[in-house]
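For reference, run_33.txt is printed below; it contains compact mmCIF, N, CA and C atoms.
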# COMPACT_ATOMS: atom_id res chain seq x y z
N ARG D 1 28.22 -8.37 -132.23
CA ARG D 1 27.59 -8.23 -130.93
C ARG D 1 27.97 -9.41 -130.02
N ALA D 2 27.97 -10.62 -130.56
CA ALA D 2 28.32 -11.80 -129.76
C ALA D 2 29.78 -11.73 -129.32
N ARG D 3 30.64 -11.21 -130.17
CA ARG D 3 32.06 -11.08 -129.82
C ARG D 3 32.23 -10.09 -128.67
N ILE D 4 31.50 -9.00 -128.71
CA ILE D 4 31.58 -8.00 -127.64
C ILE D 4 31.07 -8.60 -126.33
N GLN D 5 29.97 -9.35 -126.40
CA GLN D 5 29.42 -9.98 -125.19
C GLN D 5 30.40 -10.99 -124.61
N SER D 6 31.04 -11.77 -125.47
CA SER D 6 32.04 -12.76 -125.01
C SER D 6 33.23 -12.06 -124.35
N GLN D 7 33.67 -10.96 -124.95
CA GLN D 7 34.79 -10.22 -124.37
C GLN D 7 34.39 -9.63 -123.01
N ALA D 8 33.18 -9.13 -122.91
CA ALA D 8 32.69 -8.58 -121.64
C ALA D 8 32.68 -9.66 -120.56
N GLN D 9 32.23 -10.86 -120.92
CA GLN D 9 32.20 -11.97 -119.95
C GLN D 9 33.61 -12.32 -119.48
N MET D 10 34.55 -12.39 -120.40
CA MET D 10 35.94 -12.74 -120.02
C MET D 10 36.55 -11.67 -119.13
N LEU D 11 36.33 -10.40 -119.48
CA LEU D 11 36.88 -9.31 -118.67
C LEU D 11 36.24 -9.28 -117.28
N CYS D 12 34.96 -9.54 -117.22
CA CYS D 12 34.26 -9.55 -115.93
C CYS D 12 34.76 -10.69 -115.06
N ASP D 13 34.91 -11.88 -115.66
CA ASP D 13 35.47 -13.03 -114.93
C ASP D 13 36.84 -12.69 -114.37
N ALA D 14 37.67 -12.03 -115.18
CA ALA D 14 39.03 -11.68 -114.76
C ALA D 14 39.02 -10.69 -113.60
N LYS D 15 38.14 -9.68 -113.66
CA LYS D 15 38.06 -8.70 -112.56
C LYS D 15 37.56 -9.35 -111.28
N MET D 16 36.56 -10.24 -111.40
CA MET D 16 36.06 -10.93 -110.21
C MET D 16 37.16 -11.81 -109.62
N ALA D 17 37.95 -12.45 -110.47
CA ALA D 17 39.06 -13.28 -109.98
C ALA D 17 40.10 -12.43 -109.26
N GLU D 18 40.35 -11.21 -109.74
CA GLU D 18 41.29 -10.30 -109.07
C GLU D 18 40.78 -9.93 -107.68
N VAL D 19 39.49 -9.68 -107.57
CA VAL D 19 38.90 -9.35 -106.26
C VAL D 19 39.00 -10.56 -105.33
N ALA D 20 38.62 -11.73 -105.83
CA ALA D 20 38.63 -12.95 -105.02
C ALA D 20 40.04 -13.31 -104.55
N ALA D 21 41.04 -13.03 -105.39
CA ALA D 21 42.43 -13.36 -105.05
C ALA D 21 43.09 -12.32 -104.17
N GLY D 22 42.44 -11.16 -104.00
CA GLY D 22 43.02 -10.10 -103.18
C GLY D 22 43.89 -9.14 -103.96
N ALA D 23 43.96 -9.29 -105.29
CA ALA D 23 44.74 -8.36 -106.11
C ALA D 23 44.06 -7.00 -106.17
N LEU D 24 42.73 -7.00 -106.06
CA LEU D 24 41.96 -5.76 -105.93
C LEU D 24 41.27 -5.81 -104.57
N PRO D 25 41.18 -4.68 -103.88
CA PRO D 25 40.50 -4.68 -102.58
C PRO D 25 39.00 -4.92 -102.74
N VAL D 26 38.41 -5.51 -101.71
CA VAL D 26 36.96 -5.75 -101.71
C VAL D 26 36.29 -4.45 -101.27
N GLU D 27 36.15 -3.56 -102.25
CA GLU D 27 35.51 -2.26 -101.99
C GLU D 27 34.85 -1.78 -103.27
N SER D 28 33.85 -0.93 -103.12
CA SER D 28 33.12 -0.43 -104.27
C SER D 28 33.99 0.47 -105.14
N VAL D 29 33.81 0.33 -106.45
CA VAL D 29 34.53 1.14 -107.45
C VAL D 29 33.48 1.59 -108.45
N SER D 30 33.52 2.86 -108.81
CA SER D 30 32.55 3.39 -109.75
C SER D 30 33.22 3.71 -111.08
N THR D 31 32.93 2.92 -112.09
CA THR D 31 33.33 3.17 -113.47
C THR D 31 34.82 3.51 -113.63
N ALA D 32 35.65 2.52 -113.48
CA ALA D 32 37.10 2.67 -113.66
C ALA D 32 37.53 1.98 -114.95
N PRO D 33 38.55 2.52 -115.62
CA PRO D 33 39.02 1.87 -116.85
C PRO D 33 39.74 0.56 -116.55
N ILE D 34 39.61 -0.38 -117.48
CA ILE D 34 40.36 -1.63 -117.39
C ILE D 34 41.65 -1.41 -118.17
N GLU D 35 42.76 -1.40 -117.47
CA GLU D 35 44.04 -1.07 -118.08
C GLU D 35 44.43 -2.03 -119.19
N GLU D 36 44.07 -3.31 -119.04
CA GLU D 36 44.45 -4.32 -120.02
C GLU D 36 43.55 -4.32 -121.26
N ALA D 37 42.44 -3.58 -121.21
CA ALA D 37 41.46 -3.61 -122.30
C ALA D 37 41.00 -2.18 -122.60
N LEU D 38 41.64 -1.56 -123.53
CA LEU D 38 41.36 -0.17 -123.89
C LEU D 38 39.88 -0.01 -124.28
N GLY D 39 39.24 0.98 -123.70
CA GLY D 39 37.84 1.27 -124.03
C GLY D 39 36.83 0.55 -123.16
N TRP D 40 37.30 -0.28 -122.23
CA TRP D 40 36.39 -1.00 -121.36
C TRP D 40 36.45 -0.43 -119.94
N LEU D 41 35.31 -0.45 -119.27
CA LEU D 41 35.19 0.06 -117.90
C LEU D 41 34.64 -1.03 -117.00
N TYR D 42 34.97 -0.92 -115.71
CA TYR D 42 34.39 -1.85 -114.74
C TYR D 42 33.93 -1.08 -113.53
N SER D 43 32.98 -1.67 -112.83
CA SER D 43 32.55 -1.14 -111.54
C SER D 43 32.34 -2.31 -110.60
N ILE D 44 32.50 -2.03 -109.32
CA ILE D 44 32.33 -3.05 -108.29
C ILE D 44 31.38 -2.50 -107.24
N GLU D 45 30.36 -3.27 -106.92
CA GLU D 45 29.44 -2.91 -105.83
C GLU D 45 29.62 -3.93 -104.72
N VAL D 46 29.81 -3.45 -103.50
CA VAL D 46 29.98 -4.34 -102.35
C VAL D 46 28.91 -3.98 -101.32
N GLN D 47 28.16 -5.01 -100.90
CA GLN D 47 27.13 -4.81 -99.90
C GLN D 47 27.20 -5.96 -98.89
N PRO D 48 26.79 -5.71 -97.66
CA PRO D 48 26.75 -6.81 -96.69
C PRO D 48 25.69 -7.83 -97.09
N ALA D 49 25.98 -9.09 -96.88
CA ALA D 49 25.02 -10.16 -97.14
C ALA D 49 24.16 -10.36 -95.89
N GLU D 50 23.09 -11.13 -96.03
CA GLU D 50 22.26 -11.44 -94.87
C GLU D 50 23.03 -12.29 -93.87
N GLN D 51 23.91 -13.13 -94.37
CA GLN D 51 24.73 -13.99 -93.50
C GLN D 51 25.89 -13.16 -92.93
N ILE D 52 26.03 -13.17 -91.62
CA ILE D 52 27.10 -12.42 -90.96
C ILE D 52 28.45 -12.93 -91.46
N GLY D 53 29.34 -12.00 -91.77
CA GLY D 53 30.69 -12.35 -92.21
C GLY D 53 30.85 -12.51 -93.70
N LEU D 54 29.74 -12.31 -94.45
CA LEU D 54 29.82 -12.41 -95.90
C LEU D 54 29.45 -11.09 -96.55
N LEU D 55 29.99 -10.87 -97.74
CA LEU D 55 29.66 -9.72 -98.55
C LEU D 55 29.10 -10.19 -99.89
N VAL D 56 28.23 -9.39 -100.48
CA VAL D 56 27.75 -9.62 -101.84
C VAL D 56 28.56 -8.69 -102.73
N VAL D 57 29.31 -9.27 -103.66
CA VAL D 57 30.17 -8.48 -104.55
C VAL D 57 29.65 -8.62 -105.97
N LYS D 58 29.36 -7.49 -106.60
CA LYS D 58 28.89 -7.47 -107.98
C LYS D 58 29.90 -6.72 -108.83
N VAL D 59 30.42 -7.39 -109.84
CA VAL D 59 31.35 -6.77 -110.79
C VAL D 59 30.62 -6.61 -112.12
N THR D 60 30.68 -5.42 -112.68
CA THR D 60 30.05 -5.13 -113.97
C THR D 60 31.11 -4.57 -114.92
N VAL D 61 31.09 -5.04 -116.16
CA VAL D 61 32.01 -4.57 -117.19
C VAL D 61 31.19 -4.10 -118.38
N GLN D 62 31.58 -2.97 -118.96
CA GLN D 62 30.92 -2.46 -120.16
C GLN D 62 31.90 -1.63 -120.97
N GLN D 63 31.56 -1.38 -122.25
CA GLN D 63 32.48 -0.66 -123.12
C GLN D 63 32.58 0.81 -122.76
N ASP D 64 31.50 1.45 -122.41
CA ASP D 64 31.56 2.81 -121.90
C ASP D 64 30.39 3.02 -120.97
N ALA D 65 30.36 4.14 -120.30
CA ALA D 65 29.37 4.36 -119.24
C ALA D 65 27.93 4.28 -119.74
N ASP D 66 27.70 4.56 -121.02
CA ASP D 66 26.34 4.55 -121.56
C ASP D 66 26.05 3.32 -122.42
N ALA D 67 26.96 2.37 -122.47
CA ALA D 67 26.80 1.20 -123.33
C ALA D 67 25.68 0.29 -122.83
N PRO D 68 24.81 -0.13 -123.75
CA PRO D 68 23.75 -1.05 -123.35
C PRO D 68 24.29 -2.47 -123.13
N LEU D 69 25.40 -2.80 -123.79
CA LEU D 69 25.98 -4.12 -123.65
C LEU D 69 27.00 -4.15 -122.53
N GLY D 70 26.86 -5.12 -121.69
CA GLY D 70 27.79 -5.29 -120.60
C GLY D 70 27.56 -6.66 -119.99
N TYR D 71 28.24 -6.91 -118.90
CA TYR D 71 28.11 -8.20 -118.24
C TYR D 71 28.37 -8.01 -116.76
N SER D 72 27.60 -8.71 -115.92
CA SER D 72 27.77 -8.62 -114.47
C SER D 72 27.86 -10.01 -113.86
N ILE D 73 28.63 -10.11 -112.79
CA ILE D 73 28.74 -11.33 -112.00
C ILE D 73 28.51 -10.94 -110.54
N VAL D 74 27.72 -11.74 -109.84
CA VAL D 74 27.50 -11.53 -108.41
C VAL D 74 28.05 -12.74 -107.68
N ARG D 75 28.80 -12.47 -106.61
CA ARG D 75 29.42 -13.56 -105.86
C ARG D 75 29.44 -13.22 -104.37
N PHE D 76 29.24 -14.22 -103.53
CA PHE D 76 29.40 -14.05 -102.09
C PHE D 76 30.87 -14.25 -101.75
N MET D 77 31.39 -13.37 -100.91
CA MET D 77 32.79 -13.47 -100.48
C MET D 77 32.88 -13.22 -98.98
N PRO D 78 33.88 -13.82 -98.33
CA PRO D 78 34.08 -13.53 -96.92
C PRO D 78 34.43 -12.05 -96.73
N ASP D 79 33.91 -11.46 -95.69
CA ASP D 79 34.23 -10.08 -95.36
C ASP D 79 35.63 -10.05 -94.75
N PRO D 80 36.59 -9.40 -95.40
CA PRO D 80 37.97 -9.40 -94.88
C PRO D 80 38.10 -8.67 -93.55
N ASN D 81 37.12 -7.86 -93.19
CA ASN D 81 37.17 -7.11 -91.93
C ASN D 81 36.40 -7.79 -90.80
N PHE D 82 35.80 -8.94 -91.09
CA PHE D 82 34.99 -9.64 -90.10
C PHE D 82 35.88 -10.45 -89.17
N GLU D 83 35.65 -10.32 -87.89
CA GLU D 83 36.35 -11.11 -86.89
C GLU D 83 35.32 -11.91 -86.10
N PHE D 84 35.45 -13.21 -86.15
CA PHE D 84 34.51 -14.06 -85.44
C PHE D 84 34.75 -13.98 -83.94
N ASN D 85 33.66 -13.86 -83.20
CA ASN D 85 33.72 -13.99 -81.75
C ASN D 85 32.42 -14.58 -81.27
N GLU D 86 32.31 -14.85 -80.00
CA GLU D 86 31.14 -15.54 -79.45
C GLU D 86 29.84 -14.78 -79.69
N THR D 87 29.87 -13.47 -79.79
CA THR D 87 28.64 -12.71 -79.99
C THR D 87 28.13 -12.80 -81.42
N ASN D 88 28.93 -13.29 -82.37
CA ASN D 88 28.51 -13.43 -83.76
C ASN D 88 27.67 -14.68 -84.00
N GLU D 89 27.62 -15.60 -83.07
CA GLU D 89 26.92 -16.86 -83.29
C GLU D 89 25.43 -16.69 -83.37

Starting from the file, lay out its structure as structure tokens.
Amino acid sequence: RARIQSQAQMLCDAKMAEVAAGALPVESVSTAPIEEALGWLYSIEVQPAEQIGLLVVKVTVQQDADAPLGYSIVRFMPDPNFEFNETNE
């Protein structure tokens, strides 16, 4: 069980890093397979943050859609579609 939890944490960290680096778009994904890890799935939830220009990004990784074991990371990220102007202040 500890090994599975550790693997989930590493896979989740890797997916979040892909989003942060721009390798994956900052958009919601519902239960997609992780190509590098057979049998593992990830999902991404993106919501606007209270602070203008930021998004709340949650990445979750689990072995299958019904698995009780999984791991999630939540991170604030700049909204790639946000354009600062005087009315945003």

Contacts of D:Met10 within 12 Å, only C-alpha atoms, excl. fewer than 3 positions in-chain, as a CSV table (one decimal) with N, CA and C atoms, keeping the file's coordinate frame:
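Output file part33.csv is given in full below:
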chain,number,residue,atom,x,y,z
D,3,ARG,N,30.6,-11.2,-130.2
D,3,ARG,CA,32.1,-11.1,-129.8
D,3,ARG,C,32.2,-10.1,-128.7
D,4,ILE,N,31.5,-9.0,-128.7
D,4,ILE,CA,31.6,-8.0,-127.6
D,4,ILE,C,31.1,-8.6,-126.3
D,5,GLN,N,30.0,-9.4,-126.4
D,5,GLN,CA,29.4,-10.0,-125.2
D,5,GLN,C,30.4,-11.0,-124.6
D,6,SER,N,31.0,-11.8,-125.5
D,6,SER,CA,32.0,-12.8,-125.0
D,6,SER,C,33.2,-12.1,-124.4
D,7,GLN,N,33.7,-11.0,-125.0
D,7,GLN,CA,34.8,-10.2,-124.4
D,7,GLN,C,34.4,-9.6,-123.0
D,13,ASP,N,34.9,-11.9,-115.7
D,13,ASP,CA,35.5,-13.0,-114.9
D,13,ASP,C,36.8,-12.7,-114.4
D,14,ALA,N,37.7,-12.0,-115.2
D,14,ALA,CA,39.0,-11.7,-114.8
D,14,ALA,C,39.0,-10.7,-113.6
D,15,LYS,N,38.1,-9.7,-113.7
D,15,LYS,CA,38.1,-8.7,-112.6
D,15,LYS,C,37.6,-9.4,-111.3
D,16,MET,N,36.6,-10.2,-111.4
D,16,MET,CA,36.1,-10.9,-110.2
D,16,MET,C,37.2,-11.8,-109.6
D,17,ALA,N,38.0,-12.4,-110.5
D,17,ALA,CA,39.1,-13.3,-110.0
D,17,ALA,C,40.1,-12.4,-109.3
D,36,GLU,N,44.1,-3.3,-119.0
D,36,GLU,CA,44.4,-4.3,-120.0
D,36,GLU,C,43.6,-4.3,-121.3
D,37,ALA,N,42.4,-3.6,-121.2
D,37,ALA,CA,41.5,-3.6,-122.3
D,37,ALA,C,41.0,-2.2,-122.6
D,40,TRP,N,37.3,-0.3,-122.2
D,40,TRP,CA,36.4,-1.0,-121.4
D,40,TRP,C,36.4,-0.4,-119.9
D,59,VAL,N,30.4,-7.4,-109.8
D,59,VAL,CA,31.4,-6.8,-110.8
D,59,VAL,C,30.6,-6.6,-112.1
D,60,THR,N,30.7,-5.4,-112.7
D,60,THR,CA,30.0,-5.1,-114.0
D,60,THR,C,31.1,-4.6,-114.9
D,61,VAL,N,31.1,-5.0,-116.2
D,61,VAL,CA,32.0,-4.6,-117.2
D,61,VAL,C,31.2,-4.1,-118.4
D,62,GLN,N,31.6,-3.0,-119.0
D,62,GLN,CA,30.9,-2.5,-120.2
D,62,GLN,C,31.9,-1.6,-121.0
D,70,GLY,N,26.9,-5.1,-121.7
D,70,GLY,CA,27.8,-5.3,-120.6
D,70,GLY,C,27.6,-6.7,-120.0
D,71,TYR,N,28.2,-6.9,-118.9
D,71,TYR,CA,28.1,-8.2,-118.2
D,71,TYR,C,28.4,-8.0,-116.8
D,72,SER,N,27.6,-8.7,-115.9
D,72,SER,CA,27.8,-8.6,-114.5
D,72,SER,C,27.9,-10.0,-113.9
D,73,ILE,N,28.6,-10.1,-112.8
D,73,ILE,CA,28.7,-11.3,-112.0
D,73,ILE,C,28.5,-10.9,-110.5

Original post:
So what do you get for atom CA of D:Ser28 versus atom CA of D:Val46, distance-wise?
Top reply: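 The value is 5.4 Å.
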
Original post:
Rounded to one decimal in Å, what is the spacing between atom C of D:Glu45 and atom C of D:Pro78?
Top reply: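 Taking atom C of D:Glu45 as the start and atom C of D:Pro78 as the end point, the length is 12.4 Å.
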
Subject >> Top pick for closest residue to D:Val57, considering D:Ile44, D:Leu69, D:Ala21, D:Cys12 and counting only N, CA and C atoms >> reply: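 Smallest separation from D:Val57 among the options: D:Ile44.
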
Using all atoms of stretch 35-44 of chain D listed in the file and a margin of 6 Å per side, can you give the axis-aligned box centre and edge lengths in Å to one decimal, as AutoDock Vina command-line options?
--center_x 37.9 --center_y -1.5 --center_z -115.8 --size_x 25.1 --size_y 17.6 --size_z 29.0

Original post:
Using only N, CA and C atoms, which of D:Phe76, D:Pro33, D:Pro68, D:Glu27 sits nearest D:Ala49?
Top reply: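 Closest to D:Ala49, using only N, CA and C atoms: D:Phe76.
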